[in-house]
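Everything on this sheet refers to the single structure shown next.
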Amino acid sequence: MAERYRKRDDEHEQLVKKAHEKAMDGAVEIVLWLRDRKGIHVNLEDGHQAEAADLFEIVLEQRGLPPESENVFSVWLVSPLLELRLKNHHKPFQLAQLWDDFCAMYTDSSADEITRDEPVVMFQRNVFLTLEEEMKAIRGYGEYKSSNETILCLLYHEAKFNVAEGRYIMDPSDYHALAGIQALIHLGPYDPKNHVPSQYRANLSKFYPPHMYKFKLQLLHIGKSKERPCEELFMEAHRQISANRREEIRGSVLRDLYRQYLQICWKYPCYG
């Protein structure tokens, strides 16, 4: 087993070296994506030679992030099949040219799936960040207080994405609590005139992992499930958390909701 992993590490290093040896010149237009679904469009001279550290600095400048962000986030190449965290000296454009090779090495996907797969440059959480370091980073202090609010926002959006993707295995009650918080943030306080069961049903995939609603919907259709539908529990969670939150969802209220969402995720070892 150890020998197999050593061989894979050697193959990985050879691919990285091969990518960096493929020197190219000229300007390149790059979109640096963040988990809040916002992208930073940049035109880089000699963009083929740009290193991950260069792209990281662009994001910090454009989003006004503080220096401690260097420990919180990393530059990644991300696709539906594979996610690779890049080291500072890695050259994303050149590594992307060998994406098929990386997918063949690290996934069990078919050749056809690999051919269709394309990576994007993503700015997201550093997988080596400890929970204690994350808590410290989002406290906010001094001149960087507002910047640390941006860190909090980005971590919330990434956690939300991972929950909906089914990457965090949680107690069902926590899935509903998270969905209620997310609904309050994005749909506003519960209003029975505007928030009806059909709206919750149509948006389940944005708030829950598939296993929380797909199989249960199938059982409901064949009459074998006695559980309450997920959309009913979703609506109830939204109503409960809205009970004491009638103010506008912005500023300190929004920060508290982001932190509340993350605090539920922090309970699980799979987080991060």
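We name chains A, B, ... following the order of the structure tokens; residues begin at 1 in each chain, and ligands are numbered from 1 as shown.
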Exercise. Which residues in region 62-195 of chain A does DSSP call strand (DSSP E)? List them as a list in words.
Worked result: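 The strand (DSSP E) subset of region 62-195 of chain A is Phe73, Ser74, Val75, Trp76, Leu77, Val78, Glu83, Leu84, Arg85, Val120, Val121, Met122, Phe123, Gln124 and Arg125 of chain A.
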Store the residues picked out above, limited to C-alpha atoms, as a CSV table (one decimal), in the first residue's frame.
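Saved result, again21.csv, follows:
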chain,number,residue,atom,x,y,z
A,73,PHE,CA,-7.5,30.4,2.1
A,74,SER,CA,-5.7,28.8,-0.8
A,75,VAL,CA,-5.9,28.8,-4.6
A,76,TRP,CA,-7.3,25.6,-6.0
A,77,LEU,CA,-8.1,24.1,-9.4
A,78,VAL,CA,-11.6,22.8,-9.1
A,83,GLU,CA,-10.2,19.5,-6.6
A,84,LEU,CA,-6.5,20.2,-6.3
A,85,ARG,CA,-5.0,22.7,-3.7
A,120,VAL,CA,-11.7,26.6,-12.9
A,121,VAL,CA,-9.4,28.6,-10.6
A,122,MET,CA,-11.1,28.8,-7.1
A,123,PHE,CA,-10.2,30.8,-4.0
A,124,GLN,CA,-11.4,28.7,-1.1
A,125,ARG,CA,-10.6,27.4,2.4
Problem set entry | Residue contacts of Val253 (chain A) (12 Å, only C-alpha atoms) excluding same-chain residues fewer than 6 positions away, as a PyMOL selection string | chain A and resi 149+181+184-185+188+242+244-247+259-260
Exercise. Which of these, A:Glu61, A:Glu132, A:Glu236, A:Asp112, has the shortest distance to Ala177 (chain A) once you count only C-alpha atoms?
Worked result: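 Selected residue with least distance to Ala177 (chain A): A:Glu236.
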Exercise. Can you list, as a PyMOL selection string, every protein, DNA or RNA residue that comes within 12 Å of Ser79 (chain A) when you count only C-alpha atoms, leaving out same-chain residues fewer than 4 positions away?
Worked result: chain A and resi 33+83-85+96+99-100+102-103+107+113-122
Problem set entry | Residue list (helix (DSSP H, G or I), DSSP) for region 30-238 of chain A, as a ChimeraX atom specification | /A:47-49,52-63,69-72,92-96,99-106,111-116,131-137,142-164,172-187,197-202,204-207,210-212,214-221,230-238
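Of the residues under consideration (A:Asp108, A:Tyr258, A:Ala52, A:Arg63), A:Ala52 shows the shortest atom-to-atom contact distance to Leu86 (chain A) when counting only C-alpha atoms.
CA of Ile138 (chain A) lies 25.9 Å from CA of Val31 (chain A).
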Problem set entry | Nearest to His195 (chain A) by atom-to-atom distance, counting only C-alpha atoms, from A:Glu70, A:Asp46, A:Glu231, A:Asp174 | A:Glu231
For this session: Identify, on the basis of only C-alpha atoms, every residue whose closest approach to Asn148 (chain A) does not exceed 12 Å; exclude the query and any residue fewer than 4 positions from it along the same chain; express the result as a list of chain:residue names.
Result: A:Leu60, A:Arg63, A:Gly64, A:Leu65, A:Pro66, A:Pro67, A:Glu68, A:Ser69, A:Val72, A:Glu134, A:Met135, A:Lys136, A:Ala137, A:Ile138, A:Arg139, A:Gly140, A:Tyr141, A:Gly142, A:Glu143, A:Tyr144, A:Leu152, A:Cys153, A:Leu154, A:Leu155, A:Arg255, A:Arg259
For this session: Could you jot down the CA of Glu133 (chain A) to CA of Pro209 (chain A) separation for me, Å, one decimal place?
Result: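 Separation between CA of Glu133 (chain A) and CA of Pro209 (chain A): 27.1 Å.
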Exercise. If we count only C-alpha atoms, what is near Glu29 (chain A) at a cut-off of 12 Å, once residues fewer than 3 positions away on the same chain are taken out, given as a PyMOL selection string?
Worked result: chain A and resi 26+32+40-48+50+93+121
For this session: Would you mind listing what lies within 10 Å of Leu204 (chain A) as a list in words, with only C-alpha atoms counted and same-chain residues fewer than 6 positions away left out?
Result: Ala164, Ala179, Pro210, Met212, Tyr213, Lys214, Cys230, Glu231 and Phe234 of chain A
Problem set entry | Long-range neighbours of Glu51 (chain A) as a count of residues only, 7 Å cut-off, only C-alpha atoms, 4 positions minimum in chain | 6
Problem set entry | Atom pair CA of Leu254 (chain A) / CA of Gln240 (chain A): separation (Å) |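 CA of Gln240 (chain A) lies at a distance of 16.8 Å from CA of Leu254 (chain A).
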